[in-house]
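Dumped model.cif below, it's mmCIF, C-alpha atoms:
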```cif
data_my_file
#
loop_
_atom_site.group_PDB
_atom_site.id
_atom_site.type_symbol
_atom_site.label_atom_id
_atom_site.label_comp_id
_atom_site.auth_asym_id
_atom_site.auth_seq_id
_atom_site.Cartn_x
_atom_site.Cartn_y
_atom_site.Cartn_z
ATOM 1 C CA ASP A 1 -62.976 90.989 44.716
ATOM 2 C CA ALA A 2 -60.352 89.767 42.310
ATOM 3 C CA GLY A 3 -57.770 90.261 45.008
ATOM 4 C CA VAL A 4 -58.393 86.871 46.604
ATOM 5 C CA ILE A 5 -58.803 83.702 44.577
ATOM 6 C CA GLN A 6 -60.176 80.655 46.333
ATOM 7 C CA SER A 7 -60.412 77.107 45.093
ATOM 8 C CA PRO A 8 -62.304 74.951 44.813
ATOM 9 C CA ARG A 9 -65.519 76.962 44.765
ATOM 10 C CA HIS A 10 -67.533 73.888 45.617
ATOM 11 C CA GLU A 11 -66.506 70.550 47.027
ATOM 12 C CA VAL A 12 -68.555 67.555 47.974
ATOM 13 C CA THR A 13 -66.758 64.784 49.761
ATOM 14 C CA GLU A 14 -67.424 61.845 51.994
ATOM 15 C CA MET A 15 -66.809 61.697 55.691
ATOM 16 C CA GLY A 16 -63.256 60.701 56.465
ATOM 17 C CA GLN A 17 -61.740 62.174 53.334
ATOM 18 C CA GLU A 18 -59.061 64.830 53.374
ATOM 19 C CA VAL A 19 -60.089 68.267 52.160
ATOM 20 C CA THR A 20 -57.686 70.992 51.068
ATOM 21 C CA LEU A 21 -58.928 74.516 50.435
ATOM 22 C CA ARG A 22 -56.680 77.006 48.702
ATOM 23 C CA CYS A 23 -56.309 80.748 48.763
ATOM 24 C CA LYS A 24 -54.222 82.924 46.472
ATOM 25 C CA PRO A 25 -54.112 86.541 47.575
ATOM 26 C CA ILE A 26 -52.858 89.411 45.503
ATOM 27 C CA SER A 27 -49.460 90.793 46.339
ATOM 28 C CA GLY A 28 -49.173 93.612 48.818
ATOM 29 C CA HIS A 29 -51.393 92.169 51.503
ATOM 30 C CA ASN A 30 -50.160 92.153 55.083
ATOM 31 C CA SER A 31 -52.566 89.769 56.793
ATOM 32 C CA LEU A 32 -54.524 86.734 55.678
ATOM 33 C CA PHE A 33 -57.531 85.294 57.435
ATOM 34 C CA TRP A 34 -59.537 82.076 57.205
ATOM 35 C CA TYR A 35 -63.205 82.241 58.204
ATOM 36 C CA ARG A 36 -65.923 79.606 58.323
ATOM 37 C CA GLN A 37 -69.560 80.525 57.820
ATOM 38 C CA THR A 38 -72.580 78.458 58.830
ATOM 39 C CA MET A 39 -76.177 79.345 59.493
ATOM 40 C CA MET A 40 -75.901 78.385 63.126
ATOM 41 C CA ARG A 41 -72.581 79.972 64.044
ATOM 42 C CA GLY A 42 -72.257 82.818 61.562
ATOM 43 C CA LEU A 43 -68.814 83.980 60.466
ATOM 44 C CA GLU A 44 -66.145 82.416 62.656
ATOM 45 C CA LEU A 45 -62.482 83.340 62.525
ATOM 46 C CA LEU A 46 -60.396 80.193 62.296
ATOM 47 C CA ILE A 47 -56.851 81.507 61.969
ATOM 48 C CA TYR A 48 -54.942 84.489 60.689
ATOM 49 C CA PHE A 49 -51.415 85.167 59.464
ATOM 50 C CA ASN A 50 -49.321 88.304 59.542
ATOM 51 C CA ASN A 51 -46.494 88.318 57.021
ATOM 52 C CA ASN A 52 -47.044 84.589 56.493
ATOM 53 C CA VAL A 53 -46.678 83.796 60.204
ATOM 54 C CA PRO A 54 -49.666 82.290 62.058
ATOM 55 C CA ILE A 55 -50.660 84.708 64.805
ATOM 56 C CA ASP A 56 -53.826 83.307 66.306
ATOM 57 C CA ASP A 57 -55.218 79.846 65.623
ATOM 58 C CA SER A 58 -57.467 79.692 68.655
ATOM 59 C CA GLY A 59 -60.477 79.520 66.372
ATOM 60 C CA MET A 60 -59.385 76.308 64.715
ATOM 61 C CA PRO A 61 -61.991 73.782 65.854
ATOM 62 C CA GLU A 62 -59.706 70.869 66.566
ATOM 63 C CA ASP A 63 -56.628 69.019 65.459
ATOM 64 C CA ARG A 64 -58.315 67.879 62.294
ATOM 65 C CA PHE A 65 -57.893 71.418 60.991
ATOM 66 C CA SER A 66 -54.560 72.842 59.919
ATOM 67 C CA ALA A 67 -53.544 75.898 57.932
ATOM 68 C CA LYS A 68 -50.334 76.871 56.255
ATOM 69 C CA MET A 69 -48.962 79.855 54.451
ATOM 70 C CA PRO A 70 -45.711 78.766 52.819
ATOM 71 C CA ASN A 71 -45.306 82.070 51.011
ATOM 72 C CA ALA A 72 -47.029 85.415 50.586
ATOM 73 C CA SER A 73 -49.051 84.295 47.588
ATOM 74 C CA PHE A 74 -50.542 81.046 48.818
ATOM 75 C CA SER A 75 -52.345 79.586 51.806
ATOM 76 C CA THR A 76 -54.117 76.310 52.465
ATOM 77 C CA LEU A 77 -56.675 75.119 54.960
ATOM 78 C CA LYS A 78 -56.729 71.373 55.398
ATOM 79 C CA ILE A 79 -59.276 69.175 57.130
ATOM 80 C CA GLN A 80 -58.272 65.614 57.804
ATOM 81 C CA PRO A 81 -60.384 63.604 58.330
ATOM 82 C CA SER A 82 -63.460 65.571 57.357
ATOM 83 C CA GLU A 83 -66.793 65.195 59.142
ATOM 84 C CA PRO A 84 -70.338 66.222 58.166
ATOM 85 C CA ARG A 85 -70.291 69.025 60.761
ATOM 86 C CA ASP A 86 -67.456 70.627 58.807
ATOM 87 C CA SER A 87 -69.911 71.465 56.027
ATOM 88 C CA ALA A 88 -69.786 75.231 55.617
ATOM 89 C CA VAL A 89 -68.554 78.026 53.402
ATOM 90 C CA TYR A 90 -64.898 78.768 54.040
ATOM 91 C CA PHE A 91 -63.690 82.273 53.246
ATOM 92 C CA CYS A 92 -60.199 83.556 52.835
ATOM 93 C CA ALA A 93 -59.739 87.284 53.416
ATOM 94 C CA ILE A 94 -56.865 89.741 53.368
ATOM 95 C CA THR A 95 -56.043 93.201 54.545
ATOM 96 C CA LEU A 96 -53.909 95.540 52.513
ATOM 97 C CA GLY A 97 -52.763 97.752 55.346
ATOM 98 C CA GLY A 98 -53.634 101.402 55.205
ATOM 99 C CA ASN A 99 -55.938 103.245 57.544
ATOM 100 C CA THR A 100 -59.128 101.257 57.487
ATOM 101 C CA GLY A 101 -57.788 97.712 57.668
ATOM 102 C CA GLU A 102 -60.797 96.592 55.686
ATOM 103 C CA LEU A 103 -61.066 92.936 54.853
ATOM 104 C CA PHE A 104 -61.215 91.811 51.236
ATOM 105 C CA PHE A 105 -62.908 88.444 50.988
ATOM 106 C CA GLY A 106 -62.585 85.770 48.384
ATOM 107 C CA GLU A 107 -65.731 84.244 46.977
ATOM 108 C CA GLY A 108 -65.513 81.308 49.323
ATOM 109 C CA SER A 109 -65.314 77.549 49.086
ATOM 110 C CA ARG A 110 -68.556 75.739 49.801
ATOM 111 C CA LEU A 111 -67.787 72.397 51.424
ATOM 112 C CA THR A 112 -70.289 69.603 51.837
ATOM 113 C CA VAL A 113 -69.235 66.530 53.748
ATOM 114 C CA LEU A 114 -71.631 63.609 53.355
ATOM 115 C CA GLY B 1 -68.138 83.488 72.330
ATOM 116 C CA GLN B 2 -69.858 86.337 70.568
ATOM 117 C CA GLN B 3 -68.204 89.671 71.238
ATOM 118 C CA VAL B 4 -71.013 91.829 69.957
ATOM 119 C CA MET B 5 -74.756 91.538 69.856
ATOM 120 C CA GLN B 6 -76.389 92.402 66.576
ATOM 121 C CA ILE B 7 -80.143 92.937 66.417
ATOM 122 C CA PRO B 8 -82.472 92.101 64.928
ATOM 123 C CA GLN B 9 -81.430 88.763 63.516
ATOM 124 C CA TYR B 10 -83.955 89.030 60.689
ATOM 125 C CA GLN B 11 -85.937 91.885 59.231
ATOM 126 C CA HIS B 12 -88.598 91.683 56.558
ATOM 127 C CA VAL B 13 -89.703 94.975 55.074
ATOM 128 C CA GLN B 14 -91.849 96.208 52.249
ATOM 129 C CA GLU B 15 -89.938 98.006 49.544
ATOM 130 C CA GLY B 16 -89.823 101.678 50.421
ATOM 131 C CA GLU B 17 -89.822 101.131 54.180
ATOM 132 C CA ASP B 18 -86.868 102.048 56.326
ATOM 133 C CA PHE B 19 -84.569 99.524 58.006
ATOM 134 C CA THR B 20 -82.200 99.733 60.961
ATOM 135 C CA THR B 21 -79.775 97.230 62.428
ATOM 136 C CA TYR B 22 -77.918 97.675 65.701
ATOM 137 C CA CYS B 23 -74.580 96.432 66.944
ATOM 138 C CA ASN B 24 -73.937 96.492 70.697
ATOM 139 C CA SER B 25 -70.751 95.792 72.602
ATOM 140 C CA SER B 26 -70.107 95.484 76.320
ATOM 141 C CA THR B 27 -66.646 96.977 75.869
ATOM 142 C CA THR B 28 -65.396 100.185 74.316
ATOM 143 C CA LEU B 29 -64.379 99.819 70.714
ATOM 144 C CA SER B 30 -61.539 101.441 68.845
ATOM 145 C CA ASN B 31 -63.597 101.511 65.694
ATOM 146 C CA ILE B 32 -66.242 99.489 63.944
ATOM 147 C CA GLN B 33 -66.665 98.290 60.409
ATOM 148 C CA TRP B 34 -69.806 97.318 58.529
ATOM 149 C CA TYR B 35 -70.073 94.724 55.777
ATOM 150 C CA LYS B 36 -72.815 93.564 53.441
ATOM 151 C CA GLN B 37 -73.161 90.043 52.125
ATOM 152 C CA ARG B 38 -75.561 89.379 49.283
ATOM 153 C CA PRO B 39 -77.240 85.961 49.149
ATOM 154 C CA GLY B 40 -74.690 83.466 47.882
ATOM 155 C CA GLY B 41 -71.949 86.065 47.936
ATOM 156 C CA HIS B 42 -69.115 87.124 50.163
ATOM 157 C CA PRO B 43 -68.927 89.957 52.708
ATOM 158 C CA VAL B 44 -68.082 93.321 51.183
ATOM 159 C CA PHE B 45 -66.765 96.236 53.192
ATOM 160 C CA LEU B 46 -69.113 99.212 53.494
ATOM 161 C CA ILE B 47 -67.560 101.632 55.951
ATOM 162 C CA GLN B 48 -65.471 102.178 59.043
ATOM 163 C CA LEU B 49 -66.426 104.451 61.950
ATOM 164 C CA VAL B 50 -63.740 105.709 64.294
ATOM 165 C CA LYS B 51 -64.822 108.793 66.217
ATOM 166 C CA SER B 52 -67.250 108.978 69.116
ATOM 167 C CA GLY B 53 -70.669 110.061 67.847
ATOM 168 C CA GLU B 54 -69.564 109.814 64.230
ATOM 169 C CA VAL B 55 -72.215 109.767 61.524
ATOM 170 C CA LYS B 56 -71.466 108.847 57.933
ATOM 171 C CA LYS B 57 -73.766 108.600 54.957
ATOM 172 C CA GLN B 58 -73.600 106.625 51.754
ATOM 173 C CA LYS B 59 -76.605 107.534 49.646
ATOM 174 C CA ARG B 60 -79.552 105.935 51.464
ATOM 175 C CA LEU B 61 -77.343 104.346 54.136
ATOM 176 C CA THR B 62 -76.569 106.159 57.397
ATOM 177 C CA PHE B 63 -74.003 104.778 59.809
ATOM 178 C CA GLN B 64 -73.665 105.949 63.410
ATOM 179 C CA PHE B 65 -71.141 105.293 66.141
ATOM 180 C CA GLY B 66 -72.334 105.826 69.698
ATOM 181 C CA GLU B 67 -70.928 108.484 71.974
ATOM 182 C CA ALA B 68 -69.501 105.830 74.268
ATOM 183 C CA LYS B 69 -68.153 103.856 71.301
ATOM 184 C CA LYS B 70 -69.984 100.765 72.489
ATOM 185 C CA ASN B 71 -72.717 100.621 69.890
ATOM 186 C CA SER B 72 -73.346 101.378 66.277
ATOM 187 C CA SER B 73 -76.236 101.378 63.863
ATOM 188 C CA LEU B 74 -76.879 101.157 60.158
ATOM 189 C CA HIS B 75 -80.041 102.768 58.831
ATOM 190 C CA ILE B 76 -81.344 102.363 55.300
ATOM 191 C CA THR B 77 -83.922 104.835 54.081
ATOM 192 C CA ALA B 78 -86.560 103.692 51.603
ATOM 193 C CA THR B 79 -85.281 100.190 51.073
ATOM 194 C CA GLN B 80 -84.961 98.728 47.609
ATOM 195 C CA THR B 81 -84.751 95.111 46.498
ATOM 196 C CA THR B 82 -81.047 95.639 45.874
ATOM 197 C CA ASP B 83 -80.582 96.127 49.623
ATOM 198 C CA VAL B 84 -81.367 92.456 50.245
ATOM 199 C CA GLY B 85 -78.606 90.657 52.103
ATOM 200 C CA THR B 86 -77.021 90.236 55.489
ATOM 201 C CA TYR B 87 -75.393 93.191 57.215
ATOM 202 C CA PHE B 88 -72.536 92.490 59.605
ATOM 203 C CA CYS B 89 -70.724 94.669 62.065
ATOM 204 C CA ALA B 90 -67.096 93.947 62.893
ATOM 205 C CA PRO B 91 -65.766 95.688 65.981
ATOM 206 C CA ASN B 92 -62.145 96.584 66.502
ATOM 207 C CA ARG B 93 -61.079 96.022 70.038
ATOM 208 C CA GLY B 94 -57.609 97.420 69.665
ATOM 209 C CA SER B 95 -54.809 94.927 69.455
ATOM 210 C CA GLN B 96 -56.934 92.193 67.955
ATOM 211 C CA GLY B 97 -58.250 94.292 65.133
ATOM 212 C CA ASN B 98 -61.484 93.757 63.249
ATOM 213 C CA LEU B 99 -61.435 90.001 63.401
ATOM 214 C CA ILE B 100 -64.759 89.060 64.937
ATOM 215 C CA PHE B 101 -68.071 89.564 63.204
ATOM 216 C CA GLY B 102 -71.512 89.921 64.667
ATOM 217 C CA LYS B 103 -74.111 87.320 63.715
ATOM 218 C CA GLY B 104 -75.542 89.738 61.205
ATOM 219 C CA THR B 105 -78.982 91.029 60.356
ATOM 220 C CA LYS B 106 -80.602 89.393 57.382
ATOM 221 C CA LEU B 107 -82.727 91.833 55.432
ATOM 222 C CA SER B 108 -85.392 90.764 52.995
ATOM 223 C CA VAL B 109 -87.318 93.297 50.931
ATOM 224 C CA LYS B 110 -90.703 92.532 49.486
ATOM 225 C CA PRO B 111 -91.329 94.361 46.207
#
```
Please express what this file holds, its structure, as structure tokens.
Amino acid sequence: DAGVIQSPRHEVTEMGQEVTLRCKPISGHNSLFWYRQTMMRGLELLIYFNNNVPIDDSGMPEDRFSAKMPNASFSTLKIQPSEPRDSAVYFCAITLGGNTGELFFGEGSRLTVL
Amino acid sequence: GQQVMQIPQYQHVQEGEDFTTYCNSSTTLSNIQWYKQRPGGHPVFLIQLVKSGEVKKQKRLTFQFGEAKKNSSLHITATQTTDVGTYFCAPNRGSQGNLIFGKGTKLSVKP
């Protein structure tokens, strides 16, 4: 869906490095979500924002993870320092309100930490 | 922890065979959504079920919501290779919304 642009699409980094993943949602969304997907754990909700305010970050694995949404058109997920177990596909998703509350996902950022 | 149980985890079928995946919850759901993720792709919304006993169809796909609103199923008739992917359910438990996904059922179709 062109409604959510994620970057980078792929990143390979070394353990200990800082990683910043970016999400640019289209205007008009009301909530923004960060998910992590691995074979072992499936799709895990990390954090979500309503109107740019973090609502629930209980899914954030540990203090190495942080997420921000400085404005309605931009969000970041940062991992510092990164570890090999952080290797996963990270998805940003939005809802546009309305009746169904369906999630529109970006294409994801595939992170590999060596 | 996992809020819903999705079974089976994997399903291999011959093209033309039917396929069904089930999503079971221990608590009553407000509604349930289904998503499909193609290999290498991202989850894409398929449908939302709201009413007890609701049945909805999309071509060869039939979605059902249980009478008690604790389980749901997705049935594909006469599978095609384009049906390959992982099917996820996402229950809505009221105030928290559709935030948590099942582990998914990965469907492979042999031509």
Around (-77.8, 93.1, 54.8) in the file's frame, which residues reach within 6 Å when counting all atoms listed in the file? Return as a list in words?
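So the residues meeting the distance criterion are Lys36, Val84, Gly85, Thr86, Tyr87, Lys106 and Leu107 of chain B.
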Create the file for the chosen residues now, containing C-alpha atoms and written as a CSV table (one decimal), in the coordinates of the input.
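out.csv was written with the following content:
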```
chain,number,residue,atom,x,y,z
B,36,LYS,CA,-72.8,93.6,53.4
B,84,VAL,CA,-81.4,92.5,50.2
B,85,GLY,CA,-78.6,90.7,52.1
B,86,THR,CA,-77.0,90.2,55.5
B,87,TYR,CA,-75.4,93.2,57.2
B,106,LYS,CA,-80.6,89.4,57.4
B,107,LEU,CA,-82.7,91.8,55.4
```
Interface, chain B side, toward chain A (8 Å; only C-alpha atoms) as a count of residues only:
14
With a distance cut-off of 9 Å and all atoms listed in the file, select the neighbouring residues of Leu74 in chain B, excluding the residue or stretch itself and same-chain residues fewer than 3 positions from it, and output the selection as an mmCIF file with C-alpha atoms, keeping the file's coordinate frame.
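As a result, selection28.cif now contains:
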```cif
data_model
loop_
_atom_site.group_PDB
_atom_site.id
_atom_site.type_symbol
_atom_site.label_atom_id
_atom_site.label_comp_id
_atom_site.auth_asym_id
_atom_site.auth_seq_id
_atom_site.Cartn_x
_atom_site.Cartn_y
_atom_site.Cartn_z
ATOM 1 C CA PHE B 19 -84.569 99.524 58.006
ATOM 2 C CA THR B 20 -82.200 99.733 60.961
ATOM 3 C CA THR B 21 -79.775 97.230 62.428
ATOM 4 C CA TYR B 22 -77.918 97.675 65.701
ATOM 5 C CA CYS B 23 -74.580 96.432 66.944
ATOM 6 C CA TRP B 34 -69.806 97.318 58.529
ATOM 7 C CA LEU B 61 -77.343 104.346 54.136
ATOM 8 C CA THR B 62 -76.569 106.159 57.397
ATOM 9 C CA PHE B 63 -74.003 104.778 59.809
ATOM 10 C CA GLN B 64 -73.665 105.949 63.410
ATOM 11 C CA TYR B 87 -75.393 93.191 57.215
#
```
Which polymer residues have any atom within 8 Å of an atom of range 50-52 of chain A, counting only C-alpha atoms, with same-chain residues fewer than 5 positions away left out, as a PyMOL selection string?
chain A and resi 30-32+69-72
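What separates CA of Arg64 in chain A from CA of Tyr90 in chain A is a distance of 15.2 Å.
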Would you pick out the contacts of Lys51 in chain B at 9 Å or less, using only C-alpha atoms, so that residues sharing its chain but fewer than 6 positions from it are not included, and give the list as a ChimeraX atom specification?
/B:30-31,65-67,69
Please produce an output containing C-alpha atoms for each residue in the selection, written as a PDB file, keeping the file's coordinate frame.
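Result written to out-v9.pdb:
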```
ATOM      1  CA  SER B  30     -61.539 101.441  68.845  1.00  0.00           C
ATOM      2  CA  ASN B  31     -63.597 101.511  65.694  1.00  0.00           C
ATOM      3  CA  PHE B  65     -71.141 105.293  66.141  1.00  0.00           C
ATOM      4  CA  GLY B  66     -72.334 105.826  69.698  1.00  0.00           C
ATOM      5  CA  GLU B  67     -70.928 108.484  71.974  1.00  0.00           C
ATOM      6  CA  LYS B  69     -68.153 103.856  71.301  1.00  0.00           C
TER       7      LYS B  69
END
```
I would like the residues chosen by the PyMOL selection byres ((chain A and resi 19) around 9) on the shown file; could you give them as an mmCIF file with C-alpha atoms, in the coordinates of the input?
```cif
data_model
loop_
_atom_site.group_PDB
_atom_site.id
_atom_site.type_symbol
_atom_site.label_atom_id
_atom_site.label_comp_id
_atom_site.auth_asym_id
_atom_site.auth_seq_id
_atom_site.Cartn_x
_atom_site.Cartn_y
_atom_site.Cartn_z
ATOM 1 C CA GLU A 11 -66.506 70.550 47.027
ATOM 2 C CA THR A 13 -66.758 64.784 49.761
ATOM 3 C CA GLN A 17 -61.740 62.174 53.334
ATOM 4 C CA GLU A 18 -59.061 64.830 53.374
ATOM 5 C CA THR A 20 -57.686 70.992 51.068
ATOM 6 C CA LEU A 21 -58.928 74.516 50.435
ATOM 7 C CA LEU A 77 -56.675 75.119 54.960
ATOM 8 C CA LYS A 78 -56.729 71.373 55.398
ATOM 9 C CA ILE A 79 -59.276 69.175 57.130
ATOM 10 C CA GLN A 80 -58.272 65.614 57.804
ATOM 11 C CA PRO A 81 -60.384 63.604 58.330
ATOM 12 C CA SER A 82 -63.460 65.571 57.357
ATOM 13 C CA LEU A 111 -67.787 72.397 51.424
#
```
Can you translate the PyMOL selection byres ((chain A and resi 22) around 6) into the concrete residues it hits in this file, as a list in words?
Gln6, Ser7, Leu21, Cys23, Ser75 and Thr76 of chain A
Can you tell me how far CA of Ile94 in chain A sits from CA of Val4 in chain B, in Å to one decimal?
21.9 Å
Listed atoms of range 98-108 of chain B boxed axis-aligned with 4 Å per side, centre + edges as JSON:
```
{"center_x": -73.4, "center_y": 90.5, "center_z": 59.0, "size_x": 32.0, "size_y": 14.4, "size_z": 19.9}
```
Taking the file above as input, evaluate the PyMOL selection byres ((chain B and resi 16) around 12) and report the hits as a ChimeraX atom specification.
/B:12-15,17-19,60,76-83,109-111
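Coordinates place CA of Met5 in chain B at a distance of 10.6 Å from CA of Pro91 in chain B.
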Tell me which of B:Asn24, B:Ser73, B:Leu46, B:Leu29 sits closest to Gln6 in chain B, counting only C-alpha atoms.
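So, comparing all the options, the nearest one is B:Asn24.
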